[in-house]
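Asker: My structure is in target-v3.pdb, and what it holds is PDB, C-alpha atoms:
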```
ATOM      1  CA  MET A 897      -8.319 -18.454  -2.917
ATOM      2  CA  ALA A 898     -11.292 -16.081  -2.631
ATOM      3  CA  LEU A 899      -9.868 -14.698   0.609
ATOM      4  CA  ALA A 900      -6.439 -14.179  -0.982
ATOM      5  CA  ILE A 901      -7.950 -12.355  -3.957
ATOM      6  CA  HIS A 902     -10.022 -10.155  -1.678
ATOM      7  CA  LEU A 903      -7.022  -9.282   0.508
ATOM      8  CA  SER A 904      -4.909  -8.504  -2.568
ATOM      9  CA  ARG A 905      -7.601  -6.139  -3.816
ATOM     10  CA  GLN A 906      -7.818  -4.504  -0.387
ATOM     11  CA  ILE A 907      -4.047  -4.004  -0.206
ATOM     12  CA  ALA A 908      -3.962  -2.491  -3.719
ATOM     13  CA  ASN A 909      -6.756  -0.077  -2.810
ATOM     14  CA  ALA A 910      -4.939   0.823   0.419
ATOM     15  CA  ALA A 911      -1.720   1.564  -1.499
ATOM     16  CA  ALA A 912      -3.551   3.916  -3.887
ATOM     17  CA  LEU A 913      -5.274   5.615  -0.977
ATOM     18  CA  LEU A 914      -1.980   6.039   0.868
ATOM     19  CA  LEU A 915      -0.553   7.834  -2.164
ATOM     20  CA  ALA A 916      -3.549  10.174  -2.178
ATOM     21  CA  VAL A 917      -3.089  10.753   1.571
ATOM     22  CA  LEU A 918       0.575  11.663   1.038
ATOM     23  CA  VAL A 919      -0.222  14.191  -1.682
ATOM     24  CA  LEU A 920      -3.188  15.719   0.132
ATOM     25  CA  ASN A 921      -1.370  16.022   3.463
ATOM     26  CA  PHE A 922       1.652  17.589   1.790
ATOM     27  CA  CYS A 923      -0.402  20.211  -0.042
ATOM     28  CA  LEU A 924      -2.645  21.088   2.918
ATOM     29  CA  ILE A 925       0.239  21.390   5.386
ATOM     30  CA  HIS A 926       2.431  23.484   3.098
ATOM     31  CA  LEU A 927      -0.449  25.769   2.096
ATOM     32  CA  ALA A 928      -1.461  26.376   5.717
ATOM     33  CA  PRO A 929      -0.472  29.710   7.317
ATOM     34  CA  GLY A 930       2.874  29.788   9.081
ATOM     35  CA  ASP A 931       6.522  29.478   8.111
ATOM     36  CA  PRO A 932       8.710  26.832   9.806
ATOM     37  CA  VAL A 933      11.862  28.836   9.029
ATOM     38  CA  GLN A 934      10.505  31.821  10.934
ATOM     39  CA  VAL A 935       9.680  29.533  13.869
ATOM     40  CA  ILE A 936      13.223  28.153  13.877
ATOM     41  CA  ALA A 937      14.660  31.665  13.587
ATOM     42  CA  GLY A 938      12.463  32.833  16.449
ATOM     43  CA  GLU A 939      13.724  30.030  18.700
ATOM     44  CA  MET A 940      17.263  31.080  17.800
ATOM     45  CA  GLY A 941      16.473  34.560  19.106
ATOM     46  CA  GLY A 942      16.283  36.023  15.620
ATOM     47  CA  ALA A 943      18.322  35.466  12.480
ATOM     48  CA  SER A 944      19.680  37.490   9.594
ATOM     49  CA  ALA A 945      18.398  37.215   6.043
ATOM     50  CA  ASP A 946      21.419  35.082   5.099
ATOM     51  CA  VAL A 947      20.737  32.595   7.902
ATOM     52  CA  VAL A 948      17.042  32.397   6.940
ATOM     53  CA  ALA A 949      18.012  31.740   3.310
ATOM     54  CA  ALA A 950      20.474  29.064   4.406
ATOM     55  CA  LEU A 951      17.757  27.357   6.481
ATOM     56  CA  ARG A 952      15.371  27.352   3.510
ATOM     57  CA  THR A 953      18.077  25.752   1.363
ATOM     58  CA  LYS A 954      18.945  23.201   4.047
ATOM     59  CA  TYR A 955      15.363  21.970   4.369
ATOM     60  CA  GLY A 956      14.518  22.266   0.665
ATOM     61  CA  LEU A 957      11.989  25.046   1.171
ATOM     62  CA  ASP A 958      13.547  27.220  -1.516
ATOM     63  CA  HIS A 959      11.935  25.098  -4.281
ATOM     64  CA  SER A 960       8.432  25.474  -5.669
ATOM     65  CA  LEU A 961       5.595  23.488  -4.087
ATOM     66  CA  MET A 962       5.437  20.981  -6.958
ATOM     67  CA  GLU A 963       9.201  20.448  -6.859
ATOM     68  CA  GLN A 964       9.060  19.881  -3.105
ATOM     69  CA  LEU A 965       6.205  17.397  -3.591
ATOM     70  CA  SER A 966       8.072  15.478  -6.287
ATOM     71  CA  ILE A 967      11.213  15.263  -4.131
ATOM     72  CA  TYR A 968       9.180  14.204  -1.085
ATOM     73  CA  LEU A 969       7.354  11.386  -2.906
ATOM     74  CA  ARG A 970      10.603  10.034  -4.353
ATOM     75  CA  ASN A 971      12.188  10.037  -0.905
ATOM     76  CA  VAL A 972       9.204   8.352   0.763
ATOM     77  CA  VAL A 973       9.382   5.477  -1.724
ATOM     78  CA  THR A 974      12.917   4.808  -0.457
ATOM     79  CA  GLY A 975      11.832   5.081   3.182
ATOM     80  CA  ASP A 976      13.209   8.587   3.693
ATOM     81  CA  PHE A 977      10.601  10.790   5.412
ATOM     82  CA  GLY A 978      12.950  13.732   5.795
ATOM     83  CA  TYR A 979      14.631  15.462   8.709
ATOM     84  CA  SER A 980      12.791  16.998  11.630
ATOM     85  CA  TYR A 981      13.043  20.791  11.835
ATOM     86  CA  TYR A 982      12.530  20.839  15.581
ATOM     87  CA  PHE A 983      13.940  17.553  16.918
ATOM     88  CA  ASN A 984      16.908  17.705  14.520
ATOM     89  CA  GLU A 985      16.940  13.988  13.703
ATOM     90  CA  PRO A 986      15.558  11.676  10.972
ATOM     91  CA  VAL A 987      11.787  11.610  11.037
ATOM     92  CA  LEU A 988      11.418   7.874  10.447
ATOM     93  CA  GLY A 989      13.424   6.966  13.525
ATOM     94  CA  LEU A 990      11.532   9.554  15.546
ATOM     95  CA  VAL A 991       8.130   8.133  14.548
ATOM     96  CA  LEU A 992       9.145   4.495  14.985
ATOM     97  CA  GLN A 993      10.431   5.370  18.439
ATOM     98  CA  ARG A 994       7.019   6.772  19.449
ATOM     99  CA  LEU A 995       4.814   4.310  17.537
ATOM    100  CA  PRO A 996       4.977   1.368  20.022
ATOM    101  CA  ALA A 997       3.722   3.544  22.898
ATOM    102  CA  THR A 998       0.719   4.700  20.844
ATOM    103  CA  LEU A 999      -0.086   1.177  19.648
ATOM    104  CA  TYR A1000       0.174  -0.053  23.225
ATOM    105  CA  LEU A1001      -2.226   2.623  24.440
ATOM    106  CA  THR A1002      -4.764   2.336  21.623
ATOM    107  CA  SER A1003      -4.794  -1.476  21.515
ATOM    108  CA  CYS A1004      -5.324  -1.745  25.285
ATOM    109  CA  ALA A1005      -8.091   0.872  25.136
ATOM    110  CA  LEU A1006      -9.783  -0.843  22.179
ATOM    111  CA  VAL A1007      -9.652  -4.344  23.658
ATOM    112  CA  SER A1008     -10.888  -3.067  27.030
ATOM    113  CA  ALA A1009     -13.731  -1.152  25.383
ATOM    114  CA  LEU A1010     -14.798  -4.160  23.305
ATOM    115  CA  VAL A1011     -14.720  -6.628  26.192
ATOM    116  CA  ILE A1012     -16.302  -4.393  28.848
ATOM    117  CA  GLY A1013     -18.785  -2.756  26.490
ATOM    118  CA  THR A1014     -19.974  -6.062  25.032
ATOM    119  CA  PHE A1015     -20.258  -7.626  28.489
ATOM    120  CA  LEU A1016     -22.338  -4.723  29.820
ATOM    121  CA  GLY A1017     -24.555  -4.757  26.737
ATOM    122  CA  VAL A1018     -25.144  -8.517  26.860
ATOM    123  CA  VAL A1019     -25.936  -8.583  30.593
ATOM    124  CA  SER A1020     -28.279  -5.581  30.388
ATOM    125  CA  ALA A1021     -30.096  -7.087  27.379
ATOM    126  CA  ARG A1022     -31.256 -10.076  29.421
ATOM    127  CA  ARG A1023     -33.517  -7.758  31.465
ATOM    128  CA  PRO A1024     -34.044  -4.662  29.290
ATOM    129  CA  ASN A1025     -36.307  -2.985  31.850
ATOM    130  CA  GLY A1026     -34.246  -3.859  34.914
ATOM    131  CA  LEU A1027     -32.230  -1.540  37.127
ATOM    132  CA  PHE A1028     -28.901  -2.713  35.732
ATOM    133  CA  SER A1029     -30.051  -2.079  32.157
ATOM    134  CA  HIS A1030     -31.157   1.460  32.993
ATOM    135  CA  THR A1031     -27.855   2.074  34.795
ATOM    136  CA  VAL A1032     -25.901   0.964  31.719
ATOM    137  CA  THR A1033     -28.042   3.261  29.552
ATOM    138  CA  VAL A1034     -27.322   6.261  31.784
ATOM    139  CA  PHE A1035     -23.621   5.374  31.854
ATOM    140  CA  SER A1036     -23.590   5.095  28.050
ATOM    141  CA  LEU A1037     -25.160   8.516  27.579
ATOM    142  CA  ALA A1038     -22.804  10.135  30.100
ATOM    143  CA  GLY A1039     -19.704   8.420  28.712
ATOM    144  CA  TYR A1040     -20.548   9.314  25.128
ATOM    145  CA  ALA A1041     -21.322  12.956  25.959
ATOM    146  CA  ALA A1042     -18.208  13.634  28.065
ATOM    147  CA  PRO A1043     -15.259  14.981  26.009
ATOM    148  CA  ILE A1044     -12.133  12.838  26.206
ATOM    149  CA  PHE A1045      -9.888  15.673  27.366
ATOM    150  CA  TRP A1046     -12.369  16.582  30.144
ATOM    151  CA  THR A1047     -12.508  12.975  31.352
ATOM    152  CA  GLY A1048      -8.715  12.833  31.323
ATOM    153  CA  LEU A1049      -8.388  16.049  33.323
ATOM    154  CA  MET A1050     -10.931  14.847  35.904
ATOM    155  CA  LEU A1051      -9.080  11.548  36.361
ATOM    156  CA  LEU A1052      -5.795  13.434  36.530
ATOM    157  CA  LEU A1053      -7.107  15.674  39.314
ATOM    158  CA  LEU A1054      -8.721  12.764  41.162
ATOM    159  CA  PHE A1055      -5.747  10.380  41.158
ATOM    160  CA  GLY A1056      -3.046  13.032  41.069
ATOM    161  CA  SER A1057      -4.270  15.255  43.902
ATOM    162  CA  VAL A1058      -7.375  14.032  45.737
ATOM    163  CA  TRP A1059      -6.544  10.311  45.847
ATOM    164  CA  PRO A1060      -2.927   9.871  44.655
ATOM    165  CA  ILE A1061      -2.716   6.107  44.319
ATOM    166  CA  LEU A1062      -1.866   5.905  40.600
ATOM    167  CA  PRO A1063       0.852   7.559  38.480
ATOM    168  CA  VAL A1064      -0.579  10.278  36.243
ATOM    169  CA  VAL A1065       2.393  11.318  34.075
ATOM    170  CA  GLY A1066       4.594   9.468  31.609
ATOM    171  CA  MET A1067       4.903   5.813  30.678
ATOM    172  CA  SER A1068       7.197   4.661  33.492
ATOM    173  CA  ASP A1069       8.952   5.909  36.595
ATOM    174  CA  VAL A1070      11.976   7.881  35.374
ATOM    175  CA  VAL A1071      13.342   8.462  38.886
ATOM    176  CA  HIS A1072      13.411   4.874  40.146
ATOM    177  CA  ARG A1073      14.154   2.726  37.118
ATOM    178  CA  LYS A1074      12.786  -0.805  37.328
ATOM    179  CA  GLN A1075      13.793  -3.999  35.572
ATOM    180  CA  GLY A1076      12.040  -7.167  34.467
ATOM    181  CA  LEU A1077       8.614  -7.883  35.913
ATOM    182  CA  ASN A1078       8.721  -4.766  38.068
ATOM    183  CA  TYR A1079       9.116  -2.651  34.921
ATOM    184  CA  VAL A1080       6.123  -4.364  33.276
ATOM    185  CA  LEU A1081       3.979  -3.706  36.344
ATOM    186  CA  ASP A1082       5.189  -0.101  36.457
ATOM    187  CA  VAL A1083       4.207   0.489  32.800
ATOM    188  CA  ALA A1084       0.831  -1.177  33.435
ATOM    189  CA  GLN A1085       0.172   1.207  36.319
ATOM    190  CA  HIS A1086       1.060   4.224  34.176
ATOM    191  CA  LEU A1087      -1.142   2.848  31.379
ATOM    192  CA  LEU A1088      -4.260   2.446  33.507
ATOM    193  CA  LEU A1089      -5.509   6.049  33.532
ATOM    194  CA  PRO A1090      -4.713   6.953  29.887
ATOM    195  CA  SER A1091      -6.281   3.745  28.543
ATOM    196  CA  LEU A1092      -9.325   4.146  30.809
ATOM    197  CA  THR A1093      -9.797   7.727  29.614
ATOM    198  CA  LEU A1094      -9.586   6.671  25.978
ATOM    199  CA  ALA A1095     -11.750   3.579  26.452
ATOM    200  CA  LEU A1096     -14.649   5.162  28.341
ATOM    201  CA  VAL A1097     -16.307   6.819  25.364
ATOM    202  CA  PHE A1098     -15.996   3.627  23.308
ATOM    203  CA  ILE A1099     -17.257   1.452  26.176
ATOM    204  CA  ALA A1100     -20.370   3.618  26.154
ATOM    205  CA  GLN A1101     -20.863   3.104  22.409
ATOM    206  CA  TYR A1102     -20.174  -0.633  22.354
ATOM    207  CA  SER A1103     -22.370  -1.353  25.388
ATOM    208  CA  ARG A1104     -25.271   0.467  23.760
ATOM    209  CA  LEU A1105     -24.709  -1.286  20.439
ATOM    210  CA  ALA A1106     -24.332  -4.731  22.037
ATOM    211  CA  ARG A1107     -27.452  -4.197  24.141
ATOM    212  CA  VAL A1108     -29.644  -3.347  21.133
ATOM    213  CA  ASN A1109     -28.331  -6.202  18.987
ATOM    214  CA  MET A1110     -28.530  -8.735  21.820
ATOM    215  CA  ILE A1111     -32.165  -7.819  22.476
ATOM    216  CA  ASP A1112     -32.903  -8.463  18.779
ATOM    217  CA  ALA A1113     -30.942 -11.722  18.819
ATOM    218  CA  LEU A1114     -32.683 -13.076  21.927
ATOM    219  CA  SER A1115     -36.062 -12.657  20.229
ATOM    220  CA  ALA A1116     -34.977 -14.498  17.065
ATOM    221  CA  ASP A1117     -36.348 -17.903  16.090
ATOM    222  CA  TYR A1118     -33.013 -19.736  16.317
ATOM    223  CA  VAL A1119     -32.609 -18.629  19.955
ATOM    224  CA  ARG A1120     -36.104 -19.818  20.838
ATOM    225  CA  THR A1121     -35.306 -23.129  19.135
ATOM    226  CA  ALA A1122     -32.093 -23.477  21.138
ATOM    227  CA  ARG A1123     -33.976 -22.850  24.368
ATOM    228  CA  ALA A1124     -36.672 -25.316  23.360
ATOM    229  CA  LYS A1125     -33.972 -27.978  23.013
ATOM    230  CA  GLY A1126     -33.154 -27.461  26.687
ATOM    231  CA  LEU A1127     -29.712 -25.941  26.168
ATOM    232  CA  PRO A1128     -28.246 -24.052  29.142
ATOM    233  CA  GLU A1129     -28.736 -20.290  29.049
ATOM    234  CA  TRP A1130     -25.008 -19.592  28.853
ATOM    235  CA  VAL A1131     -24.777 -21.800  25.744
ATOM    236  CA  VAL A1132     -27.764 -20.043  24.144
ATOM    237  CA  ILE A1133     -26.243 -16.619  24.738
ATOM    238  CA  GLY A1134     -22.548 -17.414  24.269
ATOM    239  CA  LYS A1135     -22.736 -19.753  21.293
ATOM    240  CA  HIS A1136     -25.827 -18.646  19.390
ATOM    241  CA  ALA A1137     -26.837 -15.062  20.214
ATOM    242  CA  LEU A1138     -23.451 -13.516  20.972
ATOM    243  CA  ARG A1139     -21.839 -14.386  17.640
ATOM    244  CA  ASN A1140     -24.465 -12.469  15.659
ATOM    245  CA  THR A1141     -24.278  -9.642  18.179
ATOM    246  CA  LEU A1142     -20.529  -9.276  17.666
ATOM    247  CA  ILE A1143     -20.705  -8.627  13.913
ATOM    248  CA  PRO A1144     -22.037  -5.025  14.139
ATOM    249  CA  THR A1145     -19.731  -4.330  17.092
ATOM    250  CA  VAL A1146     -16.671  -5.518  15.173
ATOM    251  CA  THR A1147     -17.760  -3.417  12.196
ATOM    252  CA  VAL A1148     -18.011  -0.249  14.255
ATOM    253  CA  ALA A1149     -14.769  -0.955  16.133
ATOM    254  CA  GLY A1150     -12.809  -1.503  12.924
ATOM    255  CA  HIS A1151     -14.027   1.697  11.308
ATOM    256  CA  GLN A1152     -13.519   3.775  14.454
ATOM    257  CA  PHE A1153      -9.789   3.185  14.706
ATOM    258  CA  GLY A1154      -9.202   6.641  13.253
ATOM    259  CA  ASN A1155     -11.331   8.174  16.003
ATOM    260  CA  LEU A1156      -9.379   6.120  18.522
ATOM    261  CA  PHE A1157      -6.101   7.578  17.304
ATOM    262  CA  ALA A1158      -7.545  11.102  17.294
ATOM    263  CA  GLY A1159      -8.559  10.593  20.910
ATOM    264  CA  ALA A1160      -5.049   9.312  21.680
ATOM    265  CA  VAL A1161      -3.633  12.698  20.649
ATOM    266  CA  LEU A1162      -5.610  14.374  23.440
ATOM    267  CA  VAL A1163      -4.994  11.629  26.001
ATOM    268  CA  GLU A1164      -1.249  11.546  25.391
ATOM    269  CA  THR A1165      -1.114  15.327  25.762
ATOM    270  CA  VAL A1166      -3.013  15.284  29.071
ATOM    271  CA  PHE A1167      -0.993  12.436  30.615
ATOM    272  CA  SER A1168       2.354  13.212  28.908
ATOM    273  CA  TRP A1169       2.309   9.763  27.308
ATOM    274  CA  PRO A1170       5.372   9.504  25.009
ATOM    275  CA  GLY A1171       3.527   8.425  21.882
ATOM    276  CA  MET A1172       2.709   9.734  18.428
ATOM    277  CA  GLY A1173      -0.165  11.842  19.706
ATOM    278  CA  ARG A1174       2.207  13.950  21.747
ATOM    279  CA  LEU A1175       4.506  14.122  18.742
ATOM    280  CA  VAL A1176       1.643  15.502  16.621
ATOM    281  CA  PHE A1177       0.946  18.183  19.198
ATOM    282  CA  ASP A1178       4.584  19.301  19.343
ATOM    283  CA  SER A1179       4.945  19.205  15.536
ATOM    284  CA  ILE A1180       1.907  21.412  14.984
ATOM    285  CA  LEU A1181       3.154  24.015  17.445
ATOM    286  CA  ARG A1182       6.628  24.130  15.835
ATOM    287  CA  ARG A1183       5.477  23.867  12.178
ATOM    288  CA  ASP A1184       7.569  20.706  11.888
ATOM    289  CA  TYR A1185       6.227  19.676   8.469
ATOM    290  CA  PRO A1186       8.229  16.453   7.853
ATOM    291  CA  THR A1187       7.387  15.011  11.267
ATOM    292  CA  LEU A1188       3.712  15.936  10.984
ATOM    293  CA  MET A1189       3.386  14.412   7.510
ATOM    294  CA  ALA A1190       5.098  11.204   8.636
ATOM    295  CA  VAL A1191       2.795  10.875  11.647
ATOM    296  CA  LEU A1192      -0.267  11.401   9.448
ATOM    297  CA  PHE A1193       1.041   8.819   6.970
ATOM    298  CA  PHE A1194       1.580   6.163   9.632
ATOM    299  CA  SER A1195      -1.796   7.022  11.168
ATOM    300  CA  ALA A1196      -3.501   6.423   7.820
ATOM    301  CA  LEU A1197      -1.516   3.202   7.446
ATOM    302  CA  MET A1198      -2.748   1.956  10.840
ATOM    303  CA  VAL A1199      -6.356   2.853  10.037
ATOM    304  CA  MET A1200      -6.217   0.967   6.730
ATOM    305  CA  ALA A1201      -4.580  -2.024   8.414
ATOM    306  CA  ALA A1202      -7.376  -1.988  11.002
ATOM    307  CA  ASN A1203     -10.006  -2.001   8.240
ATOM    308  CA  ILE A1204      -8.356  -4.968   6.520
ATOM    309  CA  LEU A1205      -8.092  -6.775   9.857
ATOM    310  CA  THR A1206     -11.803  -6.107  10.427
ATOM    311  CA  ASP A1207     -12.620  -7.941   7.195
ATOM    312  CA  ILE A1208     -10.603 -10.926   8.415
ATOM    313  CA  VAL A1209     -12.355 -10.904  11.793
ATOM    314  CA  TYR A1210     -15.701 -11.006   9.957
ATOM    315  CA  ARG A1211     -14.777 -14.430   8.664
ATOM    316  CA  LEU A1212     -13.755 -15.644  12.107
ATOM    317  CA  VAL A1213     -16.922 -14.361  13.785
ATOM    318  CA  ASP A1214     -19.327 -15.661  11.146
ATOM    319  CA  PRO A1215     -18.048 -18.181   8.552
ATOM    320  CA  ARG A1216     -21.160 -17.534   6.441
ATOM    321  CA  ILE A1217     -19.629 -14.230   5.347
ATOM    322  CA  ARG A1218     -17.490 -14.925   2.303
ATOM    323  CA  MET A1219     -15.128 -12.015   1.851
ATOM    324  CA  GLY A1220     -14.466 -12.858  -1.759
ATOM    325  CA  GLN A1221     -18.160 -12.529  -2.631
ATOM    326  CA  ARG A1222     -18.708  -9.083  -1.065
TER     327      ARG A1222
END
```
The structure in this file should be written as structure tokens.
Answerer:
Amino acid sequence: MALAIHLSRQIANAAALLLAVLVLNFCLIHLAPGDPVQVIAGEMGGASADVVAALRTKYGLDHSLMEQLSIYLRNVVTGDFGYSYYFNEPVLGLVLQRLPATLYLTSCALVSALVIGTFLGVVSARRPNGLFSHTVTVFSLAGYAAPIFWTGLMLLLLFGSVWPILPVVGMSDVVHRKQGLNYVLDVAQHLLLPSLTLALVFIAQYSRLARVNMIDALSADYVRTARAKGLPEWVVIGKHALRNTLIPTVTVAGHQFGNLFAGAVLVETVFSWPGMGRLVFDSILRRDYPTLMAVLFFSALMVMAANILTDIVYRLVDPRIRMGQR
């Protein structure tokens, strides 16, 4: 019951925050410099004043800002996110078409970063002054300092020109279409470089965080007691120390989902990954307001869902944490 009450409160807070996100995004985007009608007219090779006026009427840009906001909020409640200026199709279908590719990329990058980063941190914590520990520290500093787009470009040059053993563009082979298991393997090959690029910076963070927390956990009294009982080392680390080490890592991972999506925008642009990040890039260049606002809305929705999921994972990692009492 306490968990249900807590989740209900979290969902209500998320709904109020989503409304604020909708209003803020709408106002900021429409007050920013640039006119989408002029962009459309420019791509048409120029347009007369009558055509420009007709375009403003077609897309509802002839109303005041408050009237446009009121109409937009009423439409969103019914699931209507408008019509794309550039792609010339309903925005909702456009976003839902790109959303699975982004979720696939970000989830693979996040899981890889958590598993690899935690493993490196735990192993290096066993001998904090050893060679492996120092190597992980250097790797963490380098991975955290390197910009995501730079890492992506370096991997693109390496595997696209110097050592061309992996596909570097797109989500699948568009020339030789594959079916069944071959298609799954093809997508996995195309996913490898984008997910690695996105995961590297987070692997660096999680390995550093896991290393520090594991060192603290291994010096705790309950770990010394477990060792005094004669338990195997893998039981001491895996069952006793690791669970407490995971709590800060899960916290950071849950609250960094927004950063993960921001990094996906750059990665998808570098590797031409057909996700929402690429859609954001194209929408900004073309002043495609409805598409950009829809992408930002769904991005906020995913971040809030990740935060709620983090609270649930807390309970799974450590049952002592009672979500209803926080």
Asker: List, as a ChimeraX atom specification, every residue that the PyMOL selection byres ((chain A and resi 1012-1015) around 8) selects in the file provided.
Answerer: /A:1008-1011,1016-1019,1098-1104,1106-1107
Asker: Could you list the residues chosen by the PyMOL selection byres ((chain A and resi 1143-1155) around 8) in this structure as a list in words?
Answerer: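 Expected selection for the PyMOL selection byres ((chain A and resi 1143-1155) around 8) here is Leu1006, Leu1010, Tyr1102, Leu1105, Ala1106, Arg1139, Asn1140, Thr1141, Leu1142, Leu1156, Phe1157, Ala1158, Gly1159, Ser1195, Ala1196, Val1199, Ala1202, Asn1203, Leu1205, Thr1206, Val1209, Tyr1210, Val1213 and Asp1214 of chain A.
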Asker: Keeping C-alpha atoms for every residue in the selection just given, could you write it to a file as a tab-separated table (two decimals), in the coordinates of the input?
Answerer:
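Result file is selection.tsv:
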```tsv
chain	number	residue	atom	x	y	z
A	1006	LEU	CA	-9.78	-0.84	22.18
A	1010	LEU	CA	-14.80	-4.16	23.30
A	1102	TYR	CA	-20.17	-0.63	22.35
A	1105	LEU	CA	-24.71	-1.29	20.44
A	1106	ALA	CA	-24.33	-4.73	22.04
A	1139	ARG	CA	-21.84	-14.39	17.64
A	1140	ASN	CA	-24.46	-12.47	15.66
A	1141	THR	CA	-24.28	-9.64	18.18
A	1142	LEU	CA	-20.53	-9.28	17.67
A	1156	LEU	CA	-9.38	6.12	18.52
A	1157	PHE	CA	-6.10	7.58	17.30
A	1158	ALA	CA	-7.54	11.10	17.29
A	1159	GLY	CA	-8.56	10.59	20.91
A	1195	SER	CA	-1.80	7.02	11.17
A	1196	ALA	CA	-3.50	6.42	7.82
A	1199	VAL	CA	-6.36	2.85	10.04
A	1202	ALA	CA	-7.38	-1.99	11.00
A	1203	ASN	CA	-10.01	-2.00	8.24
A	1205	LEU	CA	-8.09	-6.78	9.86
A	1206	THR	CA	-11.80	-6.11	10.43
A	1209	VAL	CA	-12.36	-10.90	11.79
A	1210	TYR	CA	-15.70	-11.01	9.96
A	1213	VAL	CA	-16.92	-14.36	13.78
A	1214	ASP	CA	-19.33	-15.66	11.15
```
Asker: What is the distance between CA of Thr1187 in chain A and CA of Asp976 in chain A, in Å to one decimal?
Answerer: 11.5 Å
Asker: Grab all the atoms of range 1017-1020 of chain A that the file lists, wrap them in a box along x, y and z, add 6 Å per side, and give me centre plus edge lengths in Å (one decimal) as AutoDock Vina command-line options.
Answerer:
```
--center_x -26.4 --center_y -6.7 --center_z 28.7 --size_x 15.7 --size_y 15.8 --size_z 15.9
```
Asker: CA of Arg1023 in chain A and CA of Thr1093 in chain A are how many Å apart?
Answerer: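 Going from CA of Arg1023 in chain A over to CA of Thr1093 in chain A covers 28.4 Å.
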Asker: Evaluate the PyMOL selection byres ((chain A and resi 1170-1180) around 6) on the structure here and hand back the selected residues as a ChimeraX atom specification.
Answerer: /A:994-995,997-998,1160-1161,1164-1165,1169,1181-1184,1188
Asker: Give as JSON, numbers by chain every residue, naming chains and numbers as the document does, that has an atom within 7 Å of (-6.8, 0.4, 27.1), counting all atoms listed in the file.
Answerer: {"A": [1001, 1002, 1003, 1004, 1005, 1006, 1007, 1008, 1091, 1092, 1094, 1095]}
Asker: Could you jot down the CA of Val1119 in chain A to CA of Arg1022 in chain A separation for me, Å, one decimal place?
Answerer: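 Separation between CA of Val1119 in chain A and CA of Arg1022 in chain A: 12.8 Å.
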Asker: Please return as a PyMOL selection string every residue within 12 Å of (15.2, 12.3, 4.8), taking into account only C-alpha atoms and the file's own coordinates.
Answerer: chain A and resi 954-956+967-981+984-990+1186-1187+1190
Asker: Could you name the residues that touch range 1085-1089 of chain A at 9 Å or less, counting all atoms listed in the file, but leaving out those on the same chain fewer than 3 positions away, as a PyMOL selection string?
Answerer: chain A and resi 1000-1001+1004+1048+1051-1052+1055+1062-1069+1080-1082+1092-1094+1167+1169
